[in-house]
$ cat work_15.tsv   # TSV, C-alpha atoms
chain	number	residue	atom	x	y	z
B	1	MET	CA	0.00	0.00	0.00
B	2	LYS	CA	1.33	3.39	-0.97
B	3	GLN	CA	1.60	6.28	1.42
B	4	ALA	CA	-1.21	8.19	-0.26
B	5	GLU	CA	-3.53	5.20	-0.13
B	6	PHE	CA	-2.66	4.64	3.48
B	7	LEU	CA	-3.47	8.23	4.33
B	8	ASN	CA	-6.79	7.93	2.56
B	9	VAL	CA	-7.65	4.93	4.68
B	10	VAL	CA	-6.42	6.42	7.92
B	11	MET	CA	-7.52	10.04	7.67
B	12	PRO	CA	-11.23	9.48	8.24
B	13	PHE	CA	-10.74	7.87	11.63
B	14	LYS	CA	-7.52	9.33	12.98
B	15	ASP	CA	-9.53	11.84	15.01
B	16	LYS	CA	-11.50	9.02	16.56
B	17	LEU	CA	-8.27	7.35	17.63
B	18	TYR	CA	-7.08	10.60	19.14
B	19	ARG	CA	-10.34	11.21	21.00
B	20	LEU	CA	-10.36	7.72	22.44
B	21	ALA	CA	-6.73	8.13	23.50
B	22	LYS	CA	-7.51	11.45	25.08
B	23	ARG	CA	-10.52	10.03	26.86
B	24	LEU	CA	-8.35	7.39	28.45
B	25	LEU	CA	-5.10	9.26	28.97
B	26	VAL	CA	-6.68	12.66	29.68
B	27	SER	CA	-3.52	14.56	28.85
B	28	LYS	CA	-3.50	16.11	25.38
B	29	GLU	CA	0.21	15.47	24.84
B	30	GLU	CA	-0.06	11.86	25.91
B	31	ALA	CA	-2.98	11.37	23.59
B	32	GLU	CA	-1.10	12.90	20.68
B	33	ASP	CA	1.88	10.67	21.32
B	34	ALA	CA	-0.35	7.63	21.55
B	35	THR	CA	-2.09	8.47	18.28
B	36	GLN	CA	1.21	8.98	16.56
B	37	GLU	CA	2.45	5.67	17.88
B	38	ILE	CA	-0.66	3.88	16.64
B	39	LEU	CA	-0.44	5.45	13.20
B	40	LEU	CA	3.19	4.42	12.91
B	41	LYS	CA	2.34	0.90	13.98
B	42	LEU	CA	-0.42	0.78	11.40
B	43	TRP	CA	1.94	2.10	8.76
B	44	SER	CA	4.47	-0.58	9.58
B	45	LYS	CA	1.70	-3.12	8.97
B	46	ASN	CA	0.62	-1.52	5.72
B	47	GLU	CA	1.65	-4.56	3.68
B	48	THR	CA	-0.85	-6.76	5.42
B	49	MET	CA	-3.48	-4.12	5.97
B	50	GLU	CA	-5.61	-5.18	3.01
B	51	GLN	CA	-6.35	-8.41	4.81
B	52	TYR	CA	-8.16	-6.69	7.64
B	53	LYS	CA	-11.85	-6.39	7.06
B	54	ASN	CA	-12.23	-3.30	9.13
B	55	VAL	CA	-9.10	-1.23	9.52
B	56	GLU	CA	-10.89	1.32	11.66
B	57	ALA	CA	-12.02	-1.26	14.20
B	58	PHE	CA	-8.55	-2.75	14.20
B	59	ALA	CA	-6.97	0.64	14.82
B	60	MET	CA	-9.46	1.47	17.57
B	61	THR	CA	-8.67	-1.79	19.34
B	62	MET	CA	-4.98	-1.06	19.00
B	63	THR	CA	-5.50	2.37	20.50
B	64	LYS	CA	-7.51	0.97	23.37
B	65	ASN	CA	-4.89	-1.64	24.18
B	66	PHE	CA	-2.07	0.83	23.81
B	67	CYS	CA	-3.67	3.35	26.14
B	68	LEU	CA	-4.57	0.75	28.75
B	69	ASP	CA	-0.99	-0.46	28.65
B	70	ARG	CA	0.21	3.09	29.07
B	71	LEU	CA	-2.02	3.53	32.06
B	72	LYS	CA	-0.72	0.34	33.58
B	73	SER	CA	2.92	1.13	32.92
B	74	LYS	CA	5.16	2.98	35.28
B	75	GLN	CA	5.03	6.16	33.29
B	76	ALA	CA	1.35	6.29	33.92
B	77	SER	CA	1.90	7.03	37.56
B	78	ASN	CA	3.61	10.23	36.53
B	79	LEU	CA	1.14	10.83	33.80
B	80	LYS	CA	-1.68	11.48	36.21
B	81	LEU	CA	0.29	14.27	37.77
B	82	VAL	CA	1.51	15.69	34.51
B	83	HIS	CA	-1.71	16.54	32.75
B	84	SER	CA	-2.57	20.13	33.25
B	85	ASN	CA	-5.37	20.59	30.80
B	86	TYR	CA	-7.74	21.71	33.52
B	87	SER	CA	-6.00	24.86	34.60
B	88	ASP	CA	-5.14	25.67	31.03
B	89	GLU	CA	-8.71	25.60	29.95
B	90	SER	CA	-10.20	27.20	32.99
B	91	THR	CA	-8.45	30.50	32.36
B	92	SER	CA	-10.11	30.77	29.02
B	93	LEU	CA	-13.30	29.29	30.38
B	94	GLN	CA	-13.79	32.09	32.80
B	95	ARG	CA	-14.58	34.26	29.87
B	96	GLN	CA	-16.93	31.74	28.40
B	97	LEU	CA	-20.59	31.14	28.95
B	98	GLU	CA	-22.04	29.20	31.76
B	99	ALA	CA	-23.20	26.56	29.33
B	100	GLU	CA	-19.62	25.77	28.46
B	101	ASP	CA	-18.78	25.69	32.11
B	102	SER	CA	-21.05	22.73	32.53
B	103	VAL	CA	-19.37	21.09	29.56
B	104	LYS	CA	-16.23	21.41	31.59
B	105	TRP	CA	-18.02	19.77	34.45
B	106	MET	CA	-18.98	16.95	32.18
B	107	GLU	CA	-15.33	16.40	31.35
B	108	ARG	CA	-14.51	16.04	35.00
B	109	ILE	CA	-17.33	13.63	35.54
B	110	MET	CA	-16.18	11.58	32.57
B	111	ASP	CA	-12.63	11.50	33.89
B	112	GLU	CA	-13.85	10.00	37.12
B	113	LEU	CA	-15.51	7.04	35.42
B	114	PRO	CA	-13.82	3.64	35.38
B	115	GLU	CA	-11.93	2.98	32.16
B	116	GLN	CA	-14.38	0.53	30.70
B	117	GLN	CA	-17.34	2.84	31.18
B	118	LYS	CA	-15.32	5.71	29.80
B	119	MET	CA	-14.60	3.76	26.65
B	120	VAL	CA	-18.15	2.57	26.19
B	121	LEU	CA	-19.52	6.05	26.66
B	122	GLN	CA	-16.92	7.53	24.34
B	123	LEU	CA	-17.56	4.99	21.61
B	124	ARG	CA	-21.31	5.15	21.86
B	125	ASP	CA	-22.27	8.70	22.74
B	126	VAL	CA	-19.41	10.55	21.11
B	127	GLU	CA	-18.50	8.35	18.17
B	128	GLN	CA	-21.92	6.75	17.80
B	129	TYR	CA	-20.75	3.23	17.16
B	130	GLU	CA	-23.31	0.45	17.00
B	131	PHE	CA	-23.44	-2.04	19.82
B	132	GLU	CA	-21.96	-4.84	17.72
B	133	GLU	CA	-18.98	-2.67	16.85
B	134	ILE	CA	-18.38	-1.79	20.47
B	135	CYS	CA	-18.56	-5.44	21.46
B	136	GLU	CA	-15.96	-6.24	18.86
B	137	LEU	CA	-13.72	-3.31	19.77
B	138	LEU	CA	-13.73	-3.85	23.48
B	139	ASP	CA	-14.03	-7.60	23.33
B	140	MET	CA	-17.13	-7.56	25.53
B	141	LYS	CA	-20.47	-9.34	25.50
B	142	PRO	CA	-23.43	-7.28	24.26
B	143	THR	CA	-25.13	-7.42	27.64
B	144	ALA	CA	-21.95	-6.29	29.35
B	145	VAL	CA	-21.75	-3.34	26.99
B	146	ARG	CA	-25.32	-2.38	27.72
B	147	VAL	CA	-24.83	-2.63	31.44
B	148	ALA	CA	-21.65	-0.59	31.34
B	149	LEU	CA	-23.24	2.02	29.14
B	150	SER	CA	-26.34	2.30	31.26
B	151	ARG	CA	-24.26	2.55	34.41
B	152	ALA	CA	-22.00	5.18	32.91
B	153	ARG	CA	-24.91	7.29	31.71
B	154	LYS	CA	-26.59	7.04	35.08
B	155	VAL	CA	-23.45	8.08	36.91
B	156	VAL	CA	-23.15	11.08	34.64
B	157	ARG	CA	-26.79	11.96	35.25
B	158	GLN	CA	-26.41	11.60	38.98
B	159	GLU	CA	-23.37	13.85	39.05
B	160	LEU	CA	-25.05	16.40	36.84
B	161	VAL	CA	-28.16	16.45	39.02
B	162	LYS	CA	-25.97	16.95	42.05
B	163	LYS	CA	-24.24	19.84	40.39
B	164	HIS	CA	-27.47	21.26	39.04
B	165	SER	CA	-29.24	21.35	42.38
B	166	TYR	CA	-26.09	22.64	44.03
B	167	GLY	CA	-26.08	25.55	41.61
B	168	ILE	CA	-29.68	26.34	42.49
B	169	GLY	CA	-29.65	25.71	46.19
Y	1	MET	CA	-41.92	19.17	20.35
Y	2	GLU	CA	-43.30	15.87	21.53
Y	3	LEU	CA	-42.05	16.20	25.06
Y	4	ASP	CA	-43.60	12.87	25.93
Y	5	ASN	CA	-41.56	11.19	23.31
Y	6	ILE	CA	-38.37	12.81	24.50
Y	7	GLU	CA	-39.01	11.75	28.06
Y	8	LYS	CA	-39.59	8.21	26.97
Y	9	LEU	CA	-36.45	8.25	24.91
Y	10	LEU	CA	-34.49	9.60	27.85
Y	11	GLU	CA	-35.71	6.79	30.02
Y	12	LYS	CA	-34.67	4.27	27.41
Y	13	TYR	CA	-31.42	6.14	26.99
Y	14	PHE	CA	-30.42	5.63	30.59
Y	15	GLU	CA	-31.26	1.95	30.32
Y	16	ALA	CA	-29.02	1.85	27.27
Y	17	THR	CA	-31.73	0.45	25.05
Y	18	THR	CA	-31.93	3.30	22.56
Y	19	THR	CA	-30.67	2.92	19.02
Y	20	VAL	CA	-28.15	5.25	17.47
Y	21	ALA	CA	-30.95	6.96	15.55
Y	22	GLU	CA	-32.94	7.57	18.70
Y	23	GLU	CA	-29.92	8.96	20.40
Y	24	LYS	CA	-29.42	11.33	17.51
Y	25	GLU	CA	-32.97	12.49	18.04
Y	26	LEU	CA	-32.18	13.26	21.66
Y	27	GLN	CA	-29.02	14.96	20.57
Y	28	THR	CA	-30.88	17.30	18.23
Y	29	TYR	CA	-33.54	18.01	20.83
Y	30	PHE	CA	-30.97	19.05	23.42
Y	31	SER	CA	-28.96	21.05	20.95
Y	32	GLN	CA	-31.77	23.59	20.51
Y	33	GLU	CA	-31.96	26.79	22.51
Y	34	SER	CA	-35.01	26.16	24.61
Y	35	VAL	CA	-35.34	22.90	26.45
Y	36	ALA	CA	-38.11	22.04	28.91
Y	37	THR	CA	-36.95	23.29	32.32
Y	38	HIS	CA	-37.08	19.92	34.03
Y	39	LEU	CA	-34.85	18.52	31.30
Y	40	GLU	CA	-32.41	21.41	31.40
Y	41	GLN	CA	-29.99	19.43	33.55
Y	42	TYR	CA	-29.33	16.90	30.77
Y	43	LYS	CA	-28.33	19.56	28.33
Y	44	PRO	CA	-24.66	19.68	29.30
Y	45	MET	CA	-24.40	15.96	28.74
Y	46	PHE	CA	-25.54	16.07	25.16
Y	47	SER	CA	-23.80	19.27	24.26
Y	48	TYR	CA	-20.66	17.80	25.71
Y	49	PHE	CA	-20.93	14.73	23.53
Y	50	SER	CA	-21.39	16.74	20.39
Y	51	ASN	CA	-18.55	19.05	21.40
Y	52	ALA	CA	-16.26	16.15	22.13
Y	53	LYS	CA	-16.79	14.91	18.62
Y	54	GLU	CA	-15.33	18.10	17.23
Y	55	GLU	CA	-11.93	17.51	18.68
Y	56	ARG	CA	-9.30	16.90	16.04
Y	57	TYR	CA	-5.91	15.33	15.88
Y	58	THR	CA	-3.92	18.27	14.58
Y	59	LYS	CA	-0.45	16.83	14.52
Y	60	GLN	CA	1.15	15.78	11.27
Y	61	VAL	CA	0.85	12.12	10.40
Y	62	PRO	CA	4.47	11.00	10.52
Y	63	LEU	CA	5.03	8.24	8.05
Y	64	LYS	CA	7.96	7.80	5.78
Y	65	PRO	CA	10.52	10.20	7.28
Y	66	ARG	CA	11.39	8.08	10.26
Y	67	LYS	CA	11.74	4.93	8.21
Y	68	ASN	CA	13.96	6.54	5.58
Y	69	TYR	CA	15.97	8.21	8.23
Y	70	TYR	CA	16.93	4.91	9.75
Y	71	LYS	CA	17.69	3.40	6.39
Y	72	TRP	CA	20.06	6.20	5.43
Y	73	ILE	CA	21.70	6.17	8.82
Y	74	SER	CA	22.53	2.51	8.36
Y	75	VAL	CA	23.81	3.12	4.84
Y	76	ALA	CA	26.07	5.87	6.14
Y	77	ALA	CA	27.26	3.66	8.97
Y	78	VAL	CA	28.16	0.87	6.58
Y	79	ALA	CA	30.02	3.31	4.33
Y	80	VAL	CA	31.99	4.71	7.25
Y	81	LEU	CA	32.81	1.22	8.45
Y	82	THR	CA	34.03	0.09	5.01
Y	83	PHE	CA	36.23	3.13	4.59
Y	84	GLY	CA	37.47	2.69	8.11
Y	85	ILE	CA	38.45	-0.91	7.55
Y	86	TYR	CA	40.01	-0.16	4.16
Y	87	PHE	CA	42.07	2.83	5.23
Y	88	GLY	CA	42.72	1.34	8.63
Y	89	ASN	CA	44.28	-1.66	6.95
Y	90	GLU	CA	46.38	0.50	4.71
Y	91	TYR	CA	47.55	2.54	7.65
Y	92	GLN	CA	48.42	-0.56	9.62
Y	93	GLU	CA	50.36	-1.93	6.68
Y	94	ARG	CA	52.36	1.28	6.40
Y	95	GLU	CA	53.09	1.22	10.12
Y	96	LYS	CA	54.30	-2.32	9.84
Y	97	ALA	CA	56.60	-1.44	6.94
Y	98	LYS	CA	57.98	1.50	8.88
Y	99	TYR	CA	58.65	-0.72	11.86
Y	100	ALA	CA	60.39	-3.30	9.72
Y	101	TYR	CA	62.51	-0.58	8.16
Y	102	GLN	CA	63.48	0.74	11.59
Y	103	GLU	CA	64.41	-2.73	12.78
Y	104	THR	CA	66.52	-3.44	9.72
Y	105	LYS	CA	68.23	-0.12	10.09
Y	106	LYS	CA	69.02	-0.92	13.69
Y	107	ALA	CA	70.43	-4.29	12.69
Y	108	PHE	CA	72.60	-2.75	9.99
Y	109	GLU	CA	73.85	-0.13	12.42
Y	110	LEU	CA	74.83	-2.83	14.85
Y	111	LEU	CA	76.63	-4.63	12.08
Y	112	ALA	CA	78.37	-1.41	11.05
Y	113	THR	CA	79.63	-0.65	14.55
Y	114	ASN	CA	80.93	-4.18	14.87
Y	115	PHE	CA	82.68	-3.85	11.53
Y	116	GLY	CA	84.14	-0.61	12.81
Y	117	LYS	CA	85.50	-2.40	15.85
Y	118	GLY	CA	86.95	-5.04	13.53
Y	119	THR	CA	88.84	-2.51	11.43
Y	120	GLU	CA	90.24	-0.90	14.61
Y	121	LYS	CA	91.68	-4.23	15.59
Y	122	VAL	CA	93.04	-4.74	12.08
Y	123	ALA	CA	94.73	-1.35	12.47
Y	124	TYR	CA	96.64	-2.71	15.46
Y	125	LEU	CA	97.61	-5.66	13.35
Y	126	GLN	CA	99.01	-3.22	10.80
Y	127	GLU	CA	101.18	-1.67	13.53
Y	128	PHE	CA	102.59	-5.11	14.30
Y	129	GLU	CA	103.37	-5.64	10.63
Y	130	THR	CA	105.29	-2.37	10.28
Y	131	ALA	CA	107.26	-3.13	13.43
Y	132	LYS	CA	108.11	-6.53	12.01
Y	133	GLN	CA	109.23	-4.98	8.73
Y	134	LYS	CA	111.51	-2.63	10.61
Y	135	ILE	CA	113.18	-5.53	12.36
Y	136	TYR	CA	113.63	-7.42	9.16
Y	137	ASN	CA	115.05	-4.41	7.42
Y	138	ASN	CA	117.54	-3.84	10.23
Y	139	ASN	CA	118.80	-7.33	9.91
$ encode --input "work_15.tsv" --output "C-alpha coordinates"
Amino acid sequence: MKQAEFLNVVMPFKDKLYRLAKRLLVSKEEAEDATQEILLKLWSKNETMEQYKNVEAFAMTMTKNFCLDRLKSKQASNLKLVHSNYSDESTSLQRQLEAEDSVKWMERIMDELPEQQKMVLQLRDVEQYEFEEICELLDMKPTAVRVALSRARKVVRQELVKKHSYGIG
Amino acid sequence: MELDNIEKLLEKYFEATTTVAEEKELQTYFSQESVATHLEQYKPMFSYFSNAKEERYTKQVPLKPRKNYYKWISVAAVAVLTFGIYFGNEYQEREKAKYAYQETKKAFELLATNFGKGTEKVAYLQEFETAKQKIYNNN
(Lines of atoms letter the chains of each structure in order from A and count residues from 1; the text may use other names and numbers.)
(Lines give C-alpha, C1' and ligand atoms only; values in the text may rest on other atoms or scores of the structure.)
Protein backbone atom coordinates (compact mmCIF):
# COMPACT_ATOMS: atom_id res chain seq x y z
CA MET A 1 0.00 0.00 0.00
CA LYS A 2 1.33 3.39 -0.97
CA GLN A 3 1.60 6.28 1.42
CA ALA A 4 -1.21 8.19 -0.26
CA GLU A 5 -3.53 5.20 -0.13
CA PHE A 6 -2.66 4.64 3.48
CA LEU A 7 -3.47 8.23 4.33
CA ASN A 8 -6.79 7.93 2.56
CA VAL A 9 -7.65 4.93 4.68
CA VAL A 10 -6.42 6.42 7.92
CA MET A 11 -7.52 10.04 7.67
CA PRO A 12 -11.23 9.48 8.24
CA PHE A 13 -10.74 7.87 11.63
CA LYS A 14 -7.52 9.33 12.98
CA ASP A 15 -9.53 11.84 15.01
CA LYS A 16 -11.50 9.02 16.56
CA LEU A 17 -8.27 7.35 17.63
CA TYR A 18 -7.08 10.60 19.14
CA ARG A 19 -10.34 11.21 21.00
CA LEU A 20 -10.36 7.72 22.44
CA ALA A 21 -6.73 8.13 23.50
CA LYS A 22 -7.51 11.45 25.08
CA ARG A 23 -10.52 10.03 26.86
CA LEU A 24 -8.35 7.39 28.45
CA LEU A 25 -5.10 9.26 28.97
CA VAL A 26 -6.68 12.66 29.68
CA SER A 27 -3.52 14.56 28.85
CA LYS A 28 -3.50 16.11 25.38
CA GLU A 29 0.21 15.47 24.84
CA GLU A 30 -0.06 11.86 25.91
CA ALA A 31 -2.98 11.37 23.59
CA GLU A 32 -1.10 12.90 20.68
CA ASP A 33 1.88 10.67 21.32
CA ALA A 34 -0.35 7.63 21.55
CA THR A 35 -2.09 8.47 18.28
CA GLN A 36 1.21 8.98 16.56
CA GLU A 37 2.45 5.67 17.88
CA ILE A 38 -0.66 3.88 16.64
CA LEU A 39 -0.44 5.45 13.20
CA LEU A 40 3.19 4.42 12.91
CA LYS A 41 2.34 0.90 13.98
CA LEU A 42 -0.42 0.78 11.40
CA TRP A 43 1.94 2.10 8.76
CA SER A 44 4.47 -0.58 9.58
CA LYS A 45 1.70 -3.12 8.97
CA ASN A 46 0.62 -1.52 5.72
CA GLU A 47 1.65 -4.56 3.68
CA THR A 48 -0.85 -6.76 5.42
CA MET A 49 -3.48 -4.12 5.97
CA GLU A 50 -5.61 -5.18 3.01
CA GLN A 51 -6.35 -8.41 4.81
CA TYR A 52 -8.16 -6.69 7.64
CA LYS A 53 -11.85 -6.39 7.06
CA ASN A 54 -12.23 -3.30 9.13
CA VAL A 55 -9.10 -1.23 9.52
CA GLU A 56 -10.89 1.32 11.66
CA ALA A 57 -12.02 -1.26 14.20
CA PHE A 58 -8.55 -2.75 14.20
CA ALA A 59 -6.97 0.64 14.82
CA MET A 60 -9.46 1.47 17.57
CA THR A 61 -8.67 -1.79 19.34
CA MET A 62 -4.98 -1.06 19.00
CA THR A 63 -5.50 2.37 20.50
CA LYS A 64 -7.51 0.97 23.37
CA ASN A 65 -4.89 -1.64 24.18
CA PHE A 66 -2.07 0.83 23.81
CA CYS A 67 -3.67 3.35 26.14
CA LEU A 68 -4.57 0.75 28.75
CA ASP A 69 -0.99 -0.46 28.65
CA ARG A 70 0.21 3.09 29.07
CA LEU A 71 -2.02 3.53 32.06
CA LYS A 72 -0.72 0.34 33.58
CA SER A 73 2.92 1.13 32.92
CA LYS A 74 5.16 2.98 35.28
CA GLN A 75 5.03 6.16 33.29
CA ALA A 76 1.35 6.29 33.92
CA SER A 77 1.90 7.03 37.56
CA ASN A 78 3.61 10.23 36.53
CA LEU A 79 1.14 10.83 33.80
CA LYS A 80 -1.68 11.48 36.21
CA LEU A 81 0.29 14.27 37.77
CA VAL A 82 1.51 15.69 34.51
CA HIS A 83 -1.71 16.54 32.75
CA SER A 84 -2.57 20.13 33.25
CA ASN A 85 -5.37 20.59 30.80
CA TYR A 86 -7.74 21.71 33.52
CA SER A 87 -6.00 24.86 34.60
CA ASP A 88 -5.14 25.67 31.03
CA GLU A 89 -8.71 25.60 29.95
CA SER A 90 -10.20 27.20 32.99
CA THR A 91 -8.45 30.50 32.36
CA SER A 92 -10.11 30.77 29.02
CA LEU A 93 -13.30 29.29 30.38
CA GLN A 94 -13.79 32.09 32.80
CA ARG A 95 -14.58 34.26 29.87
CA GLN A 96 -16.93 31.74 28.40
CA LEU A 97 -20.59 31.14 28.95
CA GLU A 98 -22.04 29.20 31.76
CA ALA A 99 -23.20 26.56 29.33
CA GLU A 100 -19.62 25.77 28.46
CA ASP A 101 -18.78 25.69 32.11
CA SER A 102 -21.05 22.73 32.53
CA VAL A 103 -19.37 21.09 29.56
CA LYS A 104 -16.23 21.41 31.59
CA TRP A 105 -18.02 19.77 34.45
CA MET A 106 -18.98 16.95 32.18
CA GLU A 107 -15.33 16.40 31.35
CA ARG A 108 -14.51 16.04 35.00
CA ILE A 109 -17.33 13.63 35.54
CA MET A 110 -16.18 11.58 32.57
CA ASP A 111 -12.63 11.50 33.89
CA GLU A 112 -13.85 10.00 37.12
CA LEU A 113 -15.51 7.04 35.42
CA PRO A 114 -13.82 3.64 35.38
CA GLU A 115 -11.93 2.98 32.16
CA GLN A 116 -14.38 0.53 30.70
CA GLN A 117 -17.34 2.84 31.18
CA LYS A 118 -15.32 5.71 29.80
CA MET A 119 -14.60 3.76 26.65
CA VAL A 120 -18.15 2.57 26.19
CA LEU A 121 -19.52 6.05 26.66
CA GLN A 122 -16.92 7.53 24.34
CA LEU A 123 -17.56 4.99 21.61
CA ARG A 124 -21.31 5.15 21.86
CA ASP A 125 -22.27 8.70 22.74
CA VAL A 126 -19.41 10.55 21.11
CA GLU A 127 -18.50 8.35 18.17
CA GLN A 128 -21.92 6.75 17.80
CA TYR A 129 -20.75 3.23 17.16
CA GLU A 130 -23.31 0.45 17.00
CA PHE A 131 -23.44 -2.04 19.82
CA GLU A 132 -21.96 -4.84 17.72
CA GLU A 133 -18.98 -2.67 16.85
CA ILE A 134 -18.38 -1.79 20.47
CA CYS A 135 -18.56 -5.44 21.46
CA GLU A 136 -15.96 -6.24 18.86
CA LEU A 137 -13.72 -3.31 19.77
CA LEU A 138 -13.73 -3.85 23.48
CA ASP A 139 -14.03 -7.60 23.33
CA MET A 140 -17.13 -7.56 25.53
CA LYS A 141 -20.47 -9.34 25.50
CA PRO A 142 -23.43 -7.28 24.26
CA THR A 143 -25.13 -7.42 27.64
CA ALA A 144 -21.95 -6.29 29.35
CA VAL A 145 -21.75 -3.34 26.99
CA ARG A 146 -25.32 -2.38 27.72
CA VAL A 147 -24.83 -2.63 31.44
CA ALA A 148 -21.65 -0.59 31.34
CA LEU A 149 -23.24 2.02 29.14
CA SER A 150 -26.34 2.30 31.26
CA ARG A 151 -24.26 2.55 34.41
CA ALA A 152 -22.00 5.18 32.91
CA ARG A 153 -24.91 7.29 31.71
CA LYS A 154 -26.59 7.04 35.08
CA VAL A 155 -23.45 8.08 36.91
CA VAL A 156 -23.15 11.08 34.64
CA ARG A 157 -26.79 11.96 35.25
CA GLN A 158 -26.41 11.60 38.98
CA GLU A 159 -23.37 13.85 39.05
CA LEU A 160 -25.05 16.40 36.84
CA VAL A 161 -28.16 16.45 39.02
CA LYS A 162 -25.97 16.95 42.05
CA LYS A 163 -24.24 19.84 40.39
CA HIS A 164 -27.47 21.26 39.04
CA SER A 165 -29.24 21.35 42.38
CA TYR A 166 -26.09 22.64 44.03
CA GLY A 167 -26.08 25.55 41.61
CA ILE A 168 -29.68 26.34 42.49
CA GLY A 169 -29.65 25.71 46.19
CA MET B 1 -41.92 19.17 20.35
CA GLU B 2 -43.30 15.87 21.53
CA LEU B 3 -42.05 16.20 25.06
CA ASP B 4 -43.60 12.87 25.93
CA ASN B 5 -41.56 11.19 23.31
CA ILE B 6 -38.37 12.81 24.50
CA GLU B 7 -39.01 11.75 28.06
CA LYS B 8 -39.59 8.21 26.97
CA LEU B 9 -36.45 8.25 24.91
CA LEU B 10 -34.49 9.60 27.85
CA GLU B 11 -35.71 6.79 30.02
CA LYS B 12 -34.67 4.27 27.41
CA TYR B 13 -31.42 6.14 26.99
CA PHE B 14 -30.42 5.63 30.59
CA GLU B 15 -31.26 1.95 30.32
CA ALA B 16 -29.02 1.85 27.27
CA THR B 17 -31.73 0.45 25.05
CA THR B 18 -31.93 3.30 22.56
CA THR B 19 -30.67 2.92 19.02
CA VAL B 20 -28.15 5.25 17.47
CA ALA B 21 -30.95 6.96 15.55
CA GLU B 22 -32.94 7.57 18.70
CA GLU B 23 -29.92 8.96 20.40
CA LYS B 24 -29.42 11.33 17.51
CA GLU B 25 -32.97 12.49 18.04
CA LEU B 26 -32.18 13.26 21.66
CA GLN B 27 -29.02 14.96 20.57
CA THR B 28 -30.88 17.30 18.23
CA TYR B 29 -33.54 18.01 20.83
CA PHE B 30 -30.97 19.05 23.42
CA SER B 31 -28.96 21.05 20.95
CA GLN B 32 -31.77 23.59 20.51
CA GLU B 33 -31.96 26.79 22.51
CA SER B 34 -35.01 26.16 24.61
CA VAL B 35 -35.34 22.90 26.45
CA ALA B 36 -38.11 22.04 28.91
CA THR B 37 -36.95 23.29 32.32
CA HIS B 38 -37.08 19.92 34.03
CA LEU B 39 -34.85 18.52 31.30
CA GLU B 40 -32.41 21.41 31.40
CA GLN B 41 -29.99 19.43 33.55
CA TYR B 42 -29.33 16.90 30.77
CA LYS B 43 -28.33 19.56 28.33
CA PRO B 44 -24.66 19.68 29.30
CA MET B 45 -24.40 15.96 28.74
CA PHE B 46 -25.54 16.07 25.16
CA SER B 47 -23.80 19.27 24.26
CA TYR B 48 -20.66 17.80 25.71
CA PHE B 49 -20.93 14.73 23.53
CA SER B 50 -21.39 16.74 20.39
CA ASN B 51 -18.55 19.05 21.40
CA ALA B 52 -16.26 16.15 22.13
CA LYS B 53 -16.79 14.91 18.62
CA GLU B 54 -15.33 18.10 17.23
CA GLU B 55 -11.93 17.51 18.68
CA ARG B 56 -9.30 16.90 16.04
CA TYR B 57 -5.91 15.33 15.88
CA THR B 58 -3.92 18.27 14.58
CA LYS B 59 -0.45 16.83 14.52
CA GLN B 60 1.15 15.78 11.27
CA VAL B 61 0.85 12.12 10.40
CA PRO B 62 4.47 11.00 10.52
CA LEU B 63 5.03 8.24 8.05
CA LYS B 64 7.96 7.80 5.78
CA PRO B 65 10.52 10.20 7.28
CA ARG B 66 11.39 8.08 10.26
CA LYS B 67 11.74 4.93 8.21
CA ASN B 68 13.96 6.54 5.58
CA TYR B 69 15.97 8.21 8.23
CA TYR B 70 16.93 4.91 9.75
CA LYS B 71 17.69 3.40 6.39
CA TRP B 72 20.06 6.20 5.43
CA ILE B 73 21.70 6.17 8.82
CA SER B 74 22.53 2.51 8.36
CA VAL B 75 23.81 3.12 4.84
CA ALA B 76 26.07 5.87 6.14
CA ALA B 77 27.26 3.66 8.97
CA VAL B 78 28.16 0.87 6.58
CA ALA B 79 30.02 3.31 4.33
CA VAL B 80 31.99 4.71 7.25
CA LEU B 81 32.81 1.22 8.45
CA THR B 82 34.03 0.09 5.01
CA PHE B 83 36.23 3.13 4.59
CA GLY B 84 37.47 2.69 8.11
CA ILE B 85 38.45 -0.91 7.55
CA TYR B 86 40.01 -0.16 4.16
CA PHE B 87 42.07 2.83 5.23
CA GLY B 88 42.72 1.34 8.63
CA ASN B 89 44.28 -1.66 6.95
CA GLU B 90 46.38 0.50 4.71
CA TYR B 91 47.55 2.54 7.65
CA GLN B 92 48.42 -0.56 9.62
CA GLU B 93 50.36 -1.93 6.68
CA ARG B 94 52.36 1.28 6.40
CA GLU B 95 53.09 1.22 10.12
CA LYS B 96 54.30 -2.32 9.84
CA ALA B 97 56.60 -1.44 6.94
CA LYS B 98 57.98 1.50 8.88
CA TYR B 99 58.65 -0.72 11.86
CA ALA B 100 60.39 -3.30 9.72
CA TYR B 101 62.51 -0.58 8.16
CA GLN B 102 63.48 0.74 11.59
CA GLU B 103 64.41 -2.73 12.78
CA THR B 104 66.52 -3.44 9.72
CA LYS B 105 68.23 -0.12 10.09
CA LYS B 106 69.02 -0.92 13.69
CA ALA B 107 70.43 -4.29 12.69
CA PHE B 108 72.60 -2.75 9.99
CA GLU B 109 73.85 -0.13 12.42
CA LEU B 110 74.83 -2.83 14.85
CA LEU B 111 76.63 -4.63 12.08
CA ALA B 112 78.37 -1.41 11.05
CA THR B 113 79.63 -0.65 14.55
CA ASN B 114 80.93 -4.18 14.87
CA PHE B 115 82.68 -3.85 11.53
CA GLY B 116 84.14 -0.61 12.81
CA LYS B 117 85.50 -2.40 15.85
CA GLY B 118 86.95 -5.04 13.53
CA THR B 119 88.84 -2.51 11.43
CA GLU B 120 90.24 -0.90 14.61
CA LYS B 121 91.68 -4.23 15.59
CA VAL B 122 93.04 -4.74 12.08
CA ALA B 123 94.73 -1.35 12.47
CA TYR B 124 96.64 -2.71 15.46
CA LEU B 125 97.61 -5.66 13.35
CA GLN B 126 99.01 -3.22 10.80
CA GLU B 127 101.18 -1.67 13.53
CA PHE B 128 102.59 -5.11 14.30
CA GLU B 129 103.37 -5.64 10.63
CA THR B 130 105.29 -2.37 10.28
CA ALA B 131 107.26 -3.13 13.43
CA LYS B 132 108.11 -6.53 12.01
CA GLN B 133 109.23 -4.98 8.73
CA LYS B 134 111.51 -2.63 10.61
CA ILE B 135 113.18 -5.53 12.36
CA TYR B 136 113.63 -7.42 9.16
CA ASN B 137 115.05 -4.41 7.42
CA ASN B 138 117.54 -3.84 10.23
CA ASN B 139 118.80 -7.33 9.91
$ closest_residue --input "work_15.tsv" --among "Y:Ala36, Y:Val61, Y:Ala21, Y:Leu26" --to "Lys41 of chain B" --atoms "all atoms listed in the file"
Y:Val61
$ interface_residues --input "work_15.tsv" --of "chain Y" --to "chain B" --cutoff "9 Å" --atoms "only C-alpha atoms" --output "PyMOL selection string"
chain Y and resi 13-17+19-20+23-24+41-64
$ atom_distance --input "work_15.tsv" --atom1 "atom CA of Leu20 of chain B" --atom2 "atom CA of Cys67 of chain B"
8.8 Å
$ atom_distance --input "work_15.tsv" --atom1 "atom CA of Asn46 of chain B" --atom2 "atom CA of Asn65 of chain B"
19.3 Å
$ atom_distance --input "work_15.tsv" --atom1 "atom CA of Leu137 of chain B" --atom2 "atom CA of Thr61 of chain B"
5.3 Å
